[in-house]
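Containing CSV, C-alpha atoms: upload26.csv.
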chain,number,residue,atom,x,y,z
A,1280,MET,CA,87.9,103.2,108.6
A,1281,GLN,CA,89.0,104.0,105.0
A,1282,PRO,CA,88.3,107.5,103.5
A,1283,ASN,CA,85.3,107.8,101.2
A,1284,ASN,CA,86.7,110.3,98.6
A,1285,GLY,CA,83.2,111.4,97.6
A,1286,ARG,CA,81.9,108.0,96.7
A,1287,TYR,CA,78.4,107.1,97.6
A,1288,ARG,CA,78.0,105.2,100.9
A,1289,PRO,CA,74.5,104.7,102.3
A,1290,ASP,CA,75.8,104.8,105.9
A,1291,MET,CA,77.2,108.3,105.4
A,1292,GLY,CA,74.3,109.9,103.5
A,1293,GLY,CA,75.9,110.2,100.1
A,1294,PRO,CA,78.8,112.1,98.5
A,1295,ASP,CA,77.8,115.5,99.9
A,1296,ARG,CA,77.6,114.2,103.5
A,1297,ALA,CA,80.9,112.4,103.0
A,1298,ALA,CA,82.5,115.7,101.9
A,1299,GLU,CA,81.1,117.4,105.1
A,1300,ASN,CA,82.7,114.6,107.2
A,1301,HIS,CA,86.0,115.0,105.4
A,1302,ASP,CA,87.3,118.2,106.9
A,1303,GLY,CA,84.3,119.4,109.0
A,1304,HIS,CA,83.6,122.5,106.8
A,1305,GLY,CA,81.6,121.0,104.0
A,1306,THR,CA,84.3,121.0,101.4
A,1307,ALA,CA,86.6,118.2,100.4
A,1308,PRO,CA,89.7,118.7,98.4
A,1309,ARG,CA,89.0,117.4,94.8
A,1310,HIS,CA,92.7,117.0,94.0
A,1311,ALA,CA,93.3,114.4,96.7
A,1312,GLY,CA,94.0,110.9,95.4
A,1313,TYR,CA,93.5,107.6,97.0
A,1314,GLU,CA,96.9,106.7,98.4
A,1315,ASP,CA,96.1,103.3,99.7
A,1316,PRO,CA,98.4,100.8,97.9
A,1317,TRP,CA,95.9,98.0,98.5
A,1318,TYR,CA,93.1,100.0,96.7
A,1319,ASP,CA,91.9,98.0,93.7
A,1320,ALA,CA,92.0,100.6,90.9
A,1321,LEU,CA,90.5,98.2,88.3
A,1322,ALA,CA,87.4,97.7,90.4
A,1323,SER,CA,86.9,101.4,91.3
A,1324,GLY,CA,83.9,102.9,89.5
A,1325,TRP,CA,82.0,99.6,89.2
A,1326,GLY,CA,78.5,100.1,90.6
A,1327,GLU,CA,79.1,103.6,91.7
A,1328,LEU,CA,76.7,106.5,90.9
A,1329,ASP,CA,77.9,109.3,88.6
A,1330,GLY,CA,76.0,112.0,90.5
A,1331,THR,CA,72.8,111.8,88.4
A,1332,GLY,CA,71.7,108.5,89.9
A,1333,VAL,CA,73.0,106.5,87.0
A,1334,PRO,CA,75.8,103.9,87.5
A,1335,THR,CA,79.1,105.0,85.9
A,1336,PRO,CA,80.3,102.8,83.0
A,1337,ALA,CA,83.4,100.9,83.8
A,1338,ALA,CA,86.3,102.0,81.6
A,1339,VAL,CA,88.3,98.8,81.3
A,1340,PRO,CA,90.5,98.4,78.3
A,1341,GLY,CA,90.3,95.2,76.2
A,1342,ALA,CA,92.4,92.4,77.3
A,1343,ARG,CA,94.1,92.0,73.8
A,1344,ALA,CA,94.3,95.7,72.9
A,1345,GLU,CA,97.4,96.2,70.7
A,1346,ARG,CA,99.7,98.9,72.0
A,1347,GLN,CA,102.5,100.8,70.3
A,1348,GLY,CA,105.4,102.7,71.6
A,1349,PRO,CA,107.5,101.9,74.7
A,1350,GLU,CA,105.2,99.0,75.7
A,1351,VAL,CA,106.0,97.1,72.4
A,1352,ARG,CA,109.7,97.8,72.8
A,1353,ALA,CA,109.7,96.6,76.4
A,1354,ARG,CA,107.9,93.4,75.4
A,1355,GLU,CA,110.6,92.8,72.8
A,1356,VAL,CA,113.2,93.3,75.5
A,1357,TYR,CA,111.6,90.7,77.7
A,1358,LEU,CA,111.3,88.3,74.8
A,1359,GLU,CA,114.9,88.8,73.9
A,1360,VAL,CA,116.0,88.2,77.5
A,1361,GLN,CA,113.8,85.1,77.7
A,1362,ARG,CA,115.6,83.7,74.6
A,1363,SER,CA,119.0,84.5,76.0
A,1364,ALA,CA,121.5,81.7,77.0
A,1365,THR,CA,121.8,83.2,80.5
A,1366,PHE,CA,118.0,83.0,81.1
A,1367,GLN,CA,117.9,79.5,79.7
A,1368,GLU,CA,120.8,78.5,82.0
A,1369,VAL,CA,119.0,79.9,85.1
A,1370,ARG,CA,115.8,78.1,84.2
A,1371,GLY,CA,117.7,74.9,83.5
A,1372,ARG,CA,119.3,75.0,86.9
A,1373,TYR,CA,116.0,75.6,88.5
A,1374,ARG,CA,114.4,72.7,86.7
A,1375,ARG,CA,117.3,70.3,87.3
A,1376,PHE,CA,116.8,70.9,91.1
A,1377,VAL,CA,113.1,71.2,91.4
A,1378,LEU,CA,111.8,68.4,89.3
A,1379,PRO,CA,113.8,65.6,91.0
A,1380,GLY,CA,113.1,67.2,94.4
A,1381,VAL,CA,109.3,67.2,93.7
A,1382,VAL,CA,109.4,63.6,92.4
A,1383,LEU,CA,111.4,62.4,95.4
A,1384,PHE,CA,109.2,64.2,98.0
A,1385,LEU,CA,105.9,63.1,96.4
A,1386,SER,CA,107.2,59.5,96.2
A,1387,TRP,CA,108.1,59.7,99.9
A,1388,TYR,CA,104.7,61.2,100.8
A,1389,VAL,CA,102.7,58.7,98.7
A,1390,GLY,CA,104.8,55.8,100.0
A,1391,TYR,CA,103.9,56.9,103.6
A,1392,VAL,CA,100.2,57.2,102.8
A,1393,VAL,CA,100.1,53.8,100.9
A,1394,THR,CA,102.1,52.0,103.6
A,1395,ALA,CA,99.8,53.5,106.3
A,1396,THR,CA,96.8,52.3,104.4
A,1397,ALA,CA,98.0,48.9,103.1
A,1398,ALA,CA,100.2,47.8,106.0
A,1399,PRO,CA,98.7,49.0,109.2
A,1400,GLY,CA,100.5,46.2,111.1
A,1401,LEU,CA,103.9,47.4,110.0
A,1402,MET,CA,103.0,51.0,110.9
A,1403,ALA,CA,101.7,50.0,114.3
A,1404,ARG,CA,105.0,48.1,115.2
A,1405,PRO,CA,106.5,49.7,118.3
A,1406,VAL,CA,110.0,51.1,118.0
A,1407,VAL,CA,110.7,52.5,121.5
A,1408,GLY,CA,108.0,52.5,124.1
A,1409,ALA,CA,104.8,54.0,122.8
A,1410,VAL,CA,106.6,55.4,119.7
A,1411,ASN,CA,105.8,53.3,116.6
A,1412,VAL,CA,106.9,53.2,113.0
A,1413,ALA,CA,103.9,55.5,111.9
A,1414,MET,CA,104.9,58.2,114.3
A,1415,LEU,CA,108.5,58.2,113.2
A,1416,ALA,CA,107.5,58.2,109.5
A,1417,GLY,CA,105.1,61.1,110.2
A,1418,LEU,CA,107.8,63.1,111.9
A,1419,GLY,CA,110.1,62.2,109.1
A,1420,GLN,CA,107.6,63.9,106.7
A,1421,PHE,CA,108.1,67.2,108.7
A,1422,LEU,CA,111.8,66.7,108.8
A,1423,THR,CA,112.1,66.2,105.0
A,1424,THR,CA,109.9,69.2,104.4
A,1425,PHE,CA,112.4,71.4,106.3
A,1426,LEU,CA,115.4,69.7,104.7
A,1427,PHE,CA,114.0,70.3,101.1
A,1428,THR,CA,113.2,73.9,102.0
A,1429,TRP,CA,116.7,74.4,103.3
A,1430,ALA,CA,118.2,72.6,100.2
A,1431,TYR,CA,116.1,74.7,97.8
A,1432,SER,CA,117.1,78.0,99.4
A,1433,ARG,CA,120.8,77.0,99.5
A,1434,HIS,CA,120.7,75.9,95.8
A,1435,ALA,CA,118.9,79.2,94.8
A,1436,ARG,CA,121.5,81.3,96.8
A,1437,LEU,CA,124.5,79.5,95.4
A,1438,ARG,CA,123.5,78.5,91.8
A,1439,ARG,CA,120.8,80.9,90.6
A,1440,ASP,CA,120.4,84.2,92.6
A,1441,ARG,CA,123.5,86.0,91.2
A,1442,ALA,CA,122.6,85.2,87.6
A,1443,ALA,CA,119.0,86.0,88.1
A,1444,LEU,CA,119.9,89.4,89.6
A,1445,ASP,CA,122.2,90.1,86.7
A,1446,LEU,CA,119.4,89.3,84.3
A,1447,ARG,CA,117.0,91.5,86.2
A,1448,TRP,CA,119.5,94.4,86.2
A,1449,ASP,CA,120.1,94.0,82.4
A,1450,THR,CA,116.4,93.7,81.7
A,1451,GLN,CA,115.7,96.9,83.6
A,1452,GLU,CA,118.5,98.7,81.8
A,1453,LEU,CA,117.3,97.6,78.4
A,1454,THR,CA,113.7,98.4,79.3
A,1455,ARG,CA,114.7,101.8,80.5
A,1456,GLY,CA,116.6,102.4,77.3
A,1457,SER,CA,113.7,101.3,75.2
A,1458,ARG,CA,111.5,103.9,76.9
A,1459,GLY,CA,114.0,106.6,76.2
A,1460,GLY,CA,115.5,107.3,79.6
A,1461,ALA,CA,114.9,106.8,83.3
A,1462,LEU,CA,111.4,107.0,84.7
Write-out of the structure in structure tokens:
Amino acid sequence: MQPNNGRYRPDMGGPDRAAENHDGHGTAPRHAGYEDPWYDALASGWGELDGTGVPTPAAVPGARAERQGPEVRAREVYLEVQRSATFQEVRGRYRRFVLPGVVLFLSWYVGYVVTATAAPGLMARPVVGAVNVAMLAGLGQFLTTFLFTWAYSRHARLRRDRAALDLRWDTQELTRGSRGGAL
């Protein structure tokens, strides 16, 4: 069970009861933070009571709030990297592999479905014993899925990963420099 941290829970009798359950002496450390990495910080406080029986207002910043300082400089760094020739080359390599692969695979899949629907006699034709054309084509779908996955990972490893890691490293260095040092 996850810790309550003083939040109201009807099954535990409220925040005071939760504090008693925390260490057994009736006091809970107020400096303790919620250390769960899966904790949704944006949703915390929504619908919770503030101690007077009134729900606390959610303090969520506006989606388009303009920011100054390091965030603006970091955004400029990312835009600069996005416009760079290296980034464009990595994206171009990605597109030159993925777009034909997707077209080829979808054509093969749609061709299989259309043939199974439009030519059931062809698909029912026996090849070896009880194995027919439809079974071989269906197994071929699985085989081509694995082949495309292997080809994609090989292409990424040989043609894009090194350049992408270099871009990532450069971006981190530039962002760190725009903030004024290491964080």
With a distance cut-off of 8 Å and all atoms listed in the file, select the neighbouring residues of range 1431-1443 of chain A, excluding the residue or stretch itself and same-chain residues fewer than 4 positions from it, and output the selection as a PDB file with C-alpha atoms, keeping the file's coordinate frame.
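Wrote part.pdb, looks like this:
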ATOM      1  CA  THR A1365     121.800  83.200  80.500  1.00  0.00           C
ATOM      2  CA  PHE A1366     118.000  83.000  81.100  1.00  0.00           C
ATOM      3  CA  VAL A1369     119.000  79.900  85.100  1.00  0.00           C
ATOM      4  CA  ARG A1372     119.300  75.000  86.900  1.00  0.00           C
ATOM      5  CA  TYR A1373     116.000  75.600  88.500  1.00  0.00           C
ATOM      6  CA  PHE A1376     116.800  70.900  91.100  1.00  0.00           C
ATOM      7  CA  VAL A1377     113.100  71.200  91.400  1.00  0.00           C
ATOM      8  CA  PHE A1427     114.000  70.300 101.100  1.00  0.00           C
ATOM      9  CA  ARG A1447     117.000  91.500  86.200  1.00  0.00           C
TER      10      ARG A1447
END
Counting all atoms listed in the file, what is within 10 Å of Val1360 in chain A, bar same-chain residues fewer than 5 positions away, as a list in words? Arg1354, Glu1355, Thr1365, Phe1366, Gln1367, Leu1446, Arg1447, Asp1449, Thr1450 and Leu1453 of chain A
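Interatomic distance, CA of Leu1401 in chain A to CA of Ala1413 in chain A: 8.3 Å.
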Can you tell me, as a ChimeraX atom specification, what residues are no more than 7 Å from Val1412 in chain A when counting all atoms listed in the file, ignoring any on the same chain fewer than 6 positions away? /A:1402-1406
Please provide as JSON, numbers by chain all residues within 12 Å of Trp1387 in chain A, with the sequence filter that same-chain residues fewer than 5 positions apart are discarded (counting only C-alpha atoms). {"A": [1380, 1381, 1382, 1392, 1393, 1394, 1416, 1417, 1419, 1420, 1421, 1422, 1423, 1424]}
Looking at A:Phe1425, A:Asp1445, A:Asn1411, A:Arg1352, which one is nearest to Phe1384 in chain A, with distances taken over only C-alpha atoms? A:Phe1425
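Here CA of Leu1418 in chain A and CA of Pro1379 in chain A stand 21.9 Å from one another.
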Mind pulling up the distance from CA of Gly1371 in chain A to CA of Ser1386 in chain A? 22.6 Å
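Using only C-alpha atoms, the shortest contact distance between Met1414 in chain A and any of A:Leu1378, A:Leu1426, A:Ala1395, A:Leu1358 is found at A:Ala1395.
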